[in-house]
Amino acid sequence: MRRTPVVSSRILSDLTGLEVRLKCENLQRTGSFKPRGAYNRIAKLSSADRAHGVVAASAGNHAQGVAWAASELGIASTVFMPTGVSLPKLVATKAYGASVTLVGQTVDEALGHARQFAERTGAILIHPFDHADIVAGQATLGTELLGQMPDVGTIVVPTGGGGLLAGVAAAVHFHKPGVRVLGVQAEGAAAWPTSLKAGHPVAAESMSTMADGIAVGLPGSVPFDHVVDWVDDVVTVSEDALSRALLLCIERAKLIVEPAGAAAVAALMSREDLGLEGPVCAILSGGNIDPLLLTHVITHGLRAAGRYLAVRVTISDRPGGLVGLLGVVKASGASVVDVVHSRTGGQLGLEEVEVMLTVETRGPTHRTEVLDALGSSGYVVTVES
């Protein structure tokens, strides 16, 4: 494993009023923290177990972590992945040495096939978070961080099944128990708040988030007790917050981070109720993102940050009509990205044209100024979400 760097974030420090640093697990081997737990789990297998190989189910980071760790230890690995897995993650998992089978539409379906494979062949199932050796492996991140940032007061951790959160909390509990530990989930896939309130793992009622790396429907039973005992709070963040956080990591920290990996940053940017004690460390848990998804998320982040505006405007289908509209946009200081000109809309009159106009703005205030300028010039504007 690599000792990943801890870097300062001036913009988050200014935003929170506390010193904030980023723990860059996106720069870890395979692009996430997952090899820490996978390697620890596989390394502890007996010779007899190793002879049967290991098996896992995953749509990405865990698959790569298991494949890499098994190859490093000279053990055969099989990974079951959903049929819709992104091509870069599929290629990377194979490149790390795993035999990959595509099956089912979800990770849960793939996990069912992995369990059957384990029963049939004797291969050892490597669970992504619900095993003591996995949690202990993830705890090395917490121990490493305490050595790099001995004055840390709060650690903010992206959270899915709970293995990383439990591991970091355990390390903090045994080495520096005064540190505040916070978990962060996507609000569209947040099983932990309900589970903690109930006192036992409870499955999420729905799962809908761009942060697939932390989209886990049921917290692990092994991490649960650690989280209950040693974690101060688990909070949620919106999709807009996740996309804005990813954009900030790219623009200001020059770091490629996946949506799940940016969850801790999203919490620092959007939540004022975290009870932070400085200095603060936000863990960037992974950086494995499909370039196509990255493009989509960047666009989403620009829109959420008020820097990207898409509108529909009906104008006169006469010479100079489009020029007049663009003149208003130019005068307001916005930059045109795209123009789509249509005469076929069902509600258009004979002398009307619908224009789909996309522009770049400098932020929420400028975005409002552009809309006000269009309205005061007589245009009826519909803002596209």
# chains A, B, ... in the order shown; residues from 1 in each chain; ligands from 1
>>> select_by_dssp(residues="stretch 18-259 of chain A", states="strand (DSSP E)", output="JSON, numbers by chain")
{"A": [20, 21, 22, 23, 24, 54, 55, 56, 57, 77, 78, 79, 80, 81, 99, 100, 101, 102, 124, 125, 154, 155, 156, 157, 158, 180, 181, 182, 183, 184, 185, 186, 233, 234, 235, 236, 237]}
>>> residues_around(residues="A:Ser99", least_positions_apart="5", cutoff="10 Å", atoms="only C-alpha atoms", output="number ranges by chain")
A: 55, 67, 76-80, 93-94
>>> atom_distance(atom1="atom CA of A:Ala114", atom2="atom CA of A:Gly74")
20.3 Å
>>> closest_residue(among="A:Arg362, A:Arg2, A:Arg10, A:Arg50", to="A:Thr30", atoms="only C-alpha atoms")
A:Arg2
>>> closest_atom_pairs(of="stretch 209-299 of chain A", to="stretch 185-190 of chain A", cutoff="7 Å", atoms="only C-alpha atoms", output="CSV")
residue,atom,partner,partner_atom,distance
A:Thr209,CA,A:Gly188,CA,5.4
A:Ala211,CA,A:Ala186,CA,6.9
A:Ile214,CA,A:Gln185,CA,7.0
A:Ala215,CA,A:Ala189,CA,5.5
A:Val216,CA,A:Ala189,CA,6.9
A:Gly217,CA,A:Ala189,CA,6.9
A:Val235,CA,A:Gln185,CA,6.3
A:Thr236,CA,A:Gln185,CA,4.7
A:Val237,CA,A:Ala186,CA,5.1
A:Ser238,CA,A:Glu187,CA,5.7
A:Ala263,CA,A:Gln185,CA,6.9
>>> closest_residue(among="A:Ala139, A:Ala198, A:Val353, A:Ile283", to="A:Gly321", atoms="only C-alpha atoms")
A:Val353
>>> select_by_dssp(residues="stretch 3-228 of chain A", states="alpha helix (DSSP H)", output="ChimeraX atom specification")
/A:10-16,34-43,47-52,61-72,87-95,107-121,132-148,163-175,192-198,221-228
>>> closest_residue(among="A:Pro35, A:Gly53, A:Gly112, A:Gly147", to="A:Ala98", atoms="only C-alpha atoms")
A:Gly53
>>> residues_around(residues="A:Ser195", least_positions_apart="5", cutoff="12 Å", atoms="only C-alpha atoms", output="PDB file with N, CA and C atoms, in the first residue's frame")
ATOM      1  N   GLY A 161     -21.103   0.992   3.421  1.00  0.00           N
ATOM      2  CA  GLY A 161     -21.406  -0.116   4.320  1.00  0.00           C
ATOM      3  C   GLY A 161     -20.879   0.079   5.723  1.00  0.00           C
ATOM      4  N   GLY A 162     -19.871   0.957   5.868  1.00  0.00           N
ATOM      5  CA  GLY A 162     -19.365   1.287   7.198  1.00  0.00           C
ATOM      6  C   GLY A 162     -17.986   0.772   7.524  1.00  0.00           C
ATOM      7  N   ALA A 190     -29.184   6.587   2.009  1.00  0.00           N
ATOM      8  CA  ALA A 190     -28.717   6.801   3.383  1.00  0.00           C
ATOM      9  C   ALA A 190     -29.373   5.817   4.346  1.00  0.00           C
ATOM     10  N   HIS A 200     -30.044  -0.921  15.134  1.00  0.00           N
ATOM     11  CA  HIS A 200     -29.578  -2.104  14.400  1.00  0.00           C
ATOM     12  C   HIS A 200     -29.628  -1.779  12.909  1.00  0.00           C
ATOM     13  N   PRO A 201     -28.878  -2.521  12.075  1.00  0.00           N
ATOM     14  CA  PRO A 201     -28.876  -2.235  10.639  1.00  0.00           C
ATOM     15  C   PRO A 201     -30.270  -2.356  10.040  1.00  0.00           C
ATOM     16  N   VAL A 202     -30.665  -1.327   9.300  1.00  0.00           N
ATOM     17  CA  VAL A 202     -31.962  -1.297   8.622  1.00  0.00           C
ATOM     18  C   VAL A 202     -31.717  -0.968   7.158  1.00  0.00           C
ATOM     19  N   ALA A 203     -32.330  -1.717   6.262  1.00  0.00           N
ATOM     20  CA  ALA A 203     -32.129  -1.501   4.831  1.00  0.00           C
ATOM     21  C   ALA A 203     -32.747  -0.180   4.396  1.00  0.00           C
ATOM     22  N   ALA A 204     -32.052   0.520   3.497  1.00  0.00           N
ATOM     23  CA  ALA A 204     -32.579   1.757   2.936  1.00  0.00           C
ATOM     24  C   ALA A 204     -33.816   1.458   2.093  1.00  0.00           C
ATOM     25  N   GLU A 205     -34.802   2.357   2.151  1.00  0.00           N
ATOM     26  CA  GLU A 205     -36.031   2.143   1.398  1.00  0.00           C
ATOM     27  C   GLU A 205     -35.826   2.341  -0.092  1.00  0.00           C
ATOM     28  N   GLY A 217     -27.146  -0.527   0.505  1.00  0.00           N
ATOM     29  CA  GLY A 217     -28.500  -0.560   1.031  1.00  0.00           C
ATOM     30  C   GLY A 217     -28.628  -0.962   2.481  1.00  0.00           C
ATOM     31  N   LEU A 218     -27.637  -1.705   3.011  1.00  0.00           N
ATOM     32  CA  LEU A 218     -27.730  -2.203   4.386  1.00  0.00           C
ATOM     33  C   LEU A 218     -26.365  -2.107   5.059  1.00  0.00           C
ATOM     34  N   PRO A 219     -26.249  -1.370   6.162  1.00  0.00           N
ATOM     35  CA  PRO A 219     -24.969  -1.292   6.872  1.00  0.00           C
ATOM     36  C   PRO A 219     -24.505  -2.669   7.331  1.00  0.00           C
ATOM     37  N   GLY A 220     -23.191  -2.830   7.432  1.00  0.00           N
ATOM     38  CA  GLY A 220     -22.641  -4.097   7.884  1.00  0.00           C
ATOM     39  C   GLY A 220     -22.838  -4.300   9.375  1.00  0.00           C
ATOM     40  N   SER A 221     -23.097  -5.544   9.782  1.00  0.00           N
ATOM     41  CA  SER A 221     -23.290  -5.839  11.203  1.00  0.00           C
ATOM     42  C   SER A 221     -21.982  -5.728  11.984  1.00  0.00           C
ATOM     43  N   PHE A 224     -21.167  -2.020  12.492  1.00  0.00           N
ATOM     44  CA  PHE A 224     -22.225  -1.277  13.173  1.00  0.00           C
ATOM     45  C   PHE A 224     -21.869  -0.950  14.626  1.00  0.00           C
ATOM     46  N   ASP A 225     -21.393  -1.927  15.373  1.00  0.00           N
ATOM     47  CA  ASP A 225     -21.086  -1.693  16.786  1.00  0.00           C
ATOM     48  C   ASP A 225     -19.985  -0.653  16.953  1.00  0.00           C
ATOM     49  N   VAL A 227     -19.318   1.813  14.920  1.00  0.00           N
ATOM     50  CA  VAL A 227     -19.887   3.124  14.589  1.00  0.00           C
ATOM     51  C   VAL A 227     -20.738   3.632  15.750  1.00  0.00           C
ATOM     52  N   VAL A 228     -21.550   2.767  16.322  1.00  0.00           N
ATOM     53  CA  VAL A 228     -22.381   3.165  17.468  1.00  0.00           C
ATOM     54  C   VAL A 228     -21.519   3.652  18.628  1.00  0.00           C
ATOM     55  N   VAL A 234     -23.469  10.685  11.855  1.00  0.00           N
ATOM     56  CA  VAL A 234     -23.496  10.376  10.423  1.00  0.00           C
ATOM     57  C   VAL A 234     -24.515  11.322   9.784  1.00  0.00           C
TER      58      VAL A 234
END
>>> residues_around(residues="A:Glu72", least_positions_apart="6", cutoff="10 Å", atoms="only C-alpha atoms", output="list in words")
Tyr39, Ala43, Val66, Tyr96 and Gly97 of chain A
>>> atom_distance(atom1="atom CA of A:Gly31", atom2="atom CA of A:Gly287")
5.4 Å
>>> residues_around(residues="stretch 12-23 of chain A", least_positions_apart="2", cutoff="9 Å", atoms="only C-alpha atoms", output="list in words")
Thr4, Pro5, Val6, Val7, Ser8, Ser9, Arg10, Glu25, Asn26, Leu145, Met149, Val265, Leu268, Met269, Glu272, Leu276, Glu277, Gly278, Pro279, Val280, Cys281, Ala282, Ile283, Leu284 and Ser285 of chain A
>>> write_last_selection(atoms="C-alpha atoms", output="tab-separated table (two decimals), in the first residue's frame")
chain	number	residue	atom	x	y	z
A	4	THR	CA	-1.10	8.65	0.62
A	5	PRO	CA	-0.48	12.38	1.02
A	6	VAL	CA	-2.36	14.88	3.16
A	7	VAL	CA	-2.73	18.27	1.45
A	8	SER	CA	-4.06	21.62	2.64
A	9	SER	CA	-7.25	23.14	1.24
A	10	ARG	CA	-7.30	26.90	1.45
A	25	GLU	CA	-6.87	7.99	-0.85
A	26	ASN	CA	-7.82	8.63	-4.48
A	145	LEU	CA	-3.52	9.88	9.19
A	149	MET	CA	-1.72	15.05	11.18
A	265	VAL	CA	-15.86	17.68	1.05
A	268	LEU	CA	-17.88	20.69	4.68
A	269	MET	CA	-19.25	22.83	1.85
A	272	GLU	CA	-23.19	24.08	9.11
A	276	LEU	CA	-16.31	20.78	13.72
A	277	GLU	CA	-13.25	20.98	15.94
A	278	GLY	CA	-10.09	21.94	14.14
A	279	PRO	CA	-7.90	21.10	12.46
A	280	VAL	CA	-10.19	19.11	10.15
A	281	CYS	CA	-9.34	16.28	7.75
A	282	ALA	CA	-11.68	15.25	4.92
A	283	ILE	CA	-10.94	11.82	3.48
A	284	LEU	CA	-11.06	11.59	-0.32
A	285	SER	CA	-11.90	7.90	-0.40
>>> closest_residue(among="A:Ala70, A:Leu309, A:Val355, A:Ala132", to="A:Leu322", atoms="only C-alpha atoms")
A:Val355
>>> residues_around(residues="stretch 363-371 of chain A", least_positions_apart="5", cutoff="6 Å", atoms="only C-alpha atoms", output="ChimeraX atom specification")
/A:306-307,332
>>> write_last_selection(atoms="C-alpha atoms", output="short mmCIF file (atom, residue, chain, number, x, y, z; two decimals), in the first residue's frame")
data_model
loop_
_atom_site.label_atom_id
_atom_site.label_comp_id
_atom_site.auth_asym_id
_atom_site.auth_seq_id
_atom_site.Cartn_x
_atom_site.Cartn_y
_atom_site.Cartn_z
CA GLY A 306 -24.71 28.88 -10.62
CA ARG A 307 -22.11 28.84 -13.39
CA SER A 332 -24.86 40.88 -19.47
#
>>> decode(residues="stretch 252-271 of chain A", atoms="N, CA and C atoms", output="PDB file, in the first residue's frame")
ATOM      1  N   ARG A 252      -9.769  23.359  -7.651  1.00  0.00           N
ATOM      2  CA  ARG A 252      -8.939  23.999  -6.636  1.00  0.00           C
ATOM      3  C   ARG A 252      -7.842  23.101  -6.085  1.00  0.00           C
ATOM      4  N   ALA A 253      -8.122  21.792  -5.947  1.00  0.00           N
ATOM      5  CA  ALA A 253      -7.099  20.889  -5.420  1.00  0.00           C
ATOM      6  C   ALA A 253      -6.355  20.135  -6.515  1.00  0.00           C
ATOM      7  N   LYS A 254      -6.859  20.243  -7.761  1.00  0.00           N
ATOM      8  CA  LYS A 254      -6.266  19.543  -8.916  1.00  0.00           C
ATOM      9  C   LYS A 254      -6.259  18.032  -8.699  1.00  0.00           C
ATOM     10  N   LEU A 255      -7.347  17.520  -8.128  1.00  0.00           N
ATOM     11  CA  LEU A 255      -7.463  16.098  -7.821  1.00  0.00           C
ATOM     12  C   LEU A 255      -8.726  15.525  -8.456  1.00  0.00           C
ATOM     13  N   ILE A 256      -8.587  14.402  -9.167  1.00  0.00           N
ATOM     14  CA  ILE A 256      -9.736  13.710  -9.727  1.00  0.00           C
ATOM     15  C   ILE A 256     -10.320  12.807  -8.644  1.00  0.00           C
ATOM     16  N   VAL A 257     -11.572  13.043  -8.296  1.00  0.00           N
ATOM     17  CA  VAL A 257     -12.241  12.306  -7.229  1.00  0.00           C
ATOM     18  C   VAL A 257     -13.599  11.841  -7.741  1.00  0.00           C
ATOM     19  N   GLU A 258     -14.003  10.633  -7.388  1.00  0.00           N
ATOM     20  CA  GLU A 258     -15.330  10.155  -7.767  1.00  0.00           C
ATOM     21  C   GLU A 258     -16.368  10.781  -6.829  1.00  0.00           C
ATOM     22  N   PRO A 259     -17.664  10.763  -7.199  1.00  0.00           N
ATOM     23  CA  PRO A 259     -18.663  11.394  -6.334  1.00  0.00           C
ATOM     24  C   PRO A 259     -18.649  10.878  -4.899  1.00  0.00           C
ATOM     25  N   ALA A 260     -18.529   9.563  -4.711  1.00  0.00           N
ATOM     26  CA  ALA A 260     -18.474   9.017  -3.354  1.00  0.00           C
ATOM     27  C   ALA A 260     -17.260   9.545  -2.608  1.00  0.00           C
ATOM     28  N   GLY A 261     -16.139   9.647  -3.310  1.00  0.00           N
ATOM     29  CA  GLY A 261     -14.912  10.117  -2.690  1.00  0.00           C
ATOM     30  C   GLY A 261     -14.961  11.561  -2.260  1.00  0.00           C
ATOM     31  N   ALA A 262     -15.887  12.325  -2.836  1.00  0.00           N
ATOM     32  CA  ALA A 262     -16.014  13.756  -2.517  1.00  0.00           C
ATOM     33  C   ALA A 262     -17.049  14.025  -1.433  1.00  0.00           C
ATOM     34  N   ALA A 263     -17.640  12.978  -0.847  1.00  0.00           N
ATOM     35  CA  ALA A 263     -18.734  13.175   0.107  1.00  0.00           C
ATOM     36  C   ALA A 263     -18.319  13.993   1.326  1.00  0.00           C
ATOM     37  N   ALA A 264     -17.112  13.762   1.833  1.00  0.00           N
ATOM     38  CA  ALA A 264     -16.666  14.519   3.004  1.00  0.00           C
ATOM     39  C   ALA A 264     -16.507  16.000   2.676  1.00  0.00           C
ATOM     40  N   VAL A 265     -15.995  16.293   1.491  1.00  0.00           N
ATOM     41  CA  VAL A 265     -15.864  17.679   1.052  1.00  0.00           C
ATOM     42  C   VAL A 265     -17.252  18.300   0.894  1.00  0.00           C
ATOM     43  N   ALA A 266     -18.199  17.536   0.343  1.00  0.00           N
ATOM     44  CA  ALA A 266     -19.563  18.027   0.180  1.00  0.00           C
ATOM     45  C   ALA A 266     -20.165  18.429   1.522  1.00  0.00           C
ATOM     46  N   ALA A 267     -19.903  17.637   2.555  1.00  0.00           N
ATOM     47  CA  ALA A 267     -20.426  17.972   3.880  1.00  0.00           C
ATOM     48  C   ALA A 267     -19.825  19.273   4.404  1.00  0.00           C
ATOM     49  N   LEU A 268     -18.528  19.457   4.222  1.00  0.00           N
ATOM     50  CA  LEU A 268     -17.884  20.687   4.681  1.00  0.00           C
ATOM     51  C   LEU A 268     -18.401  21.907   3.932  1.00  0.00           C
ATOM     52  N   MET A 269     -18.772  21.726   2.656  1.00  0.00           N
ATOM     53  CA  MET A 269     -19.251  22.832   1.847  1.00  0.00           C
ATOM     54  C   MET A 269     -20.710  23.181   2.128  1.00  0.00           C
ATOM     55  N   SER A 270     -21.515  22.204   2.531  1.00  0.00           N
ATOM     56  CA  SER A 270     -22.963  22.414   2.567  1.00  0.00           C
ATOM     57  C   SER A 270     -23.605  22.303   3.945  1.00  0.00           C
ATOM     58  N   ARG A 271     -22.884  21.785   4.929  1.00  0.00           N
ATOM     59  CA  ARG A 271     -23.482  21.587   6.259  1.00  0.00           C
ATOM     60  C   ARG A 271     -22.846  22.538   7.270  1.00  0.00           C
TER      61      ARG A 271
END
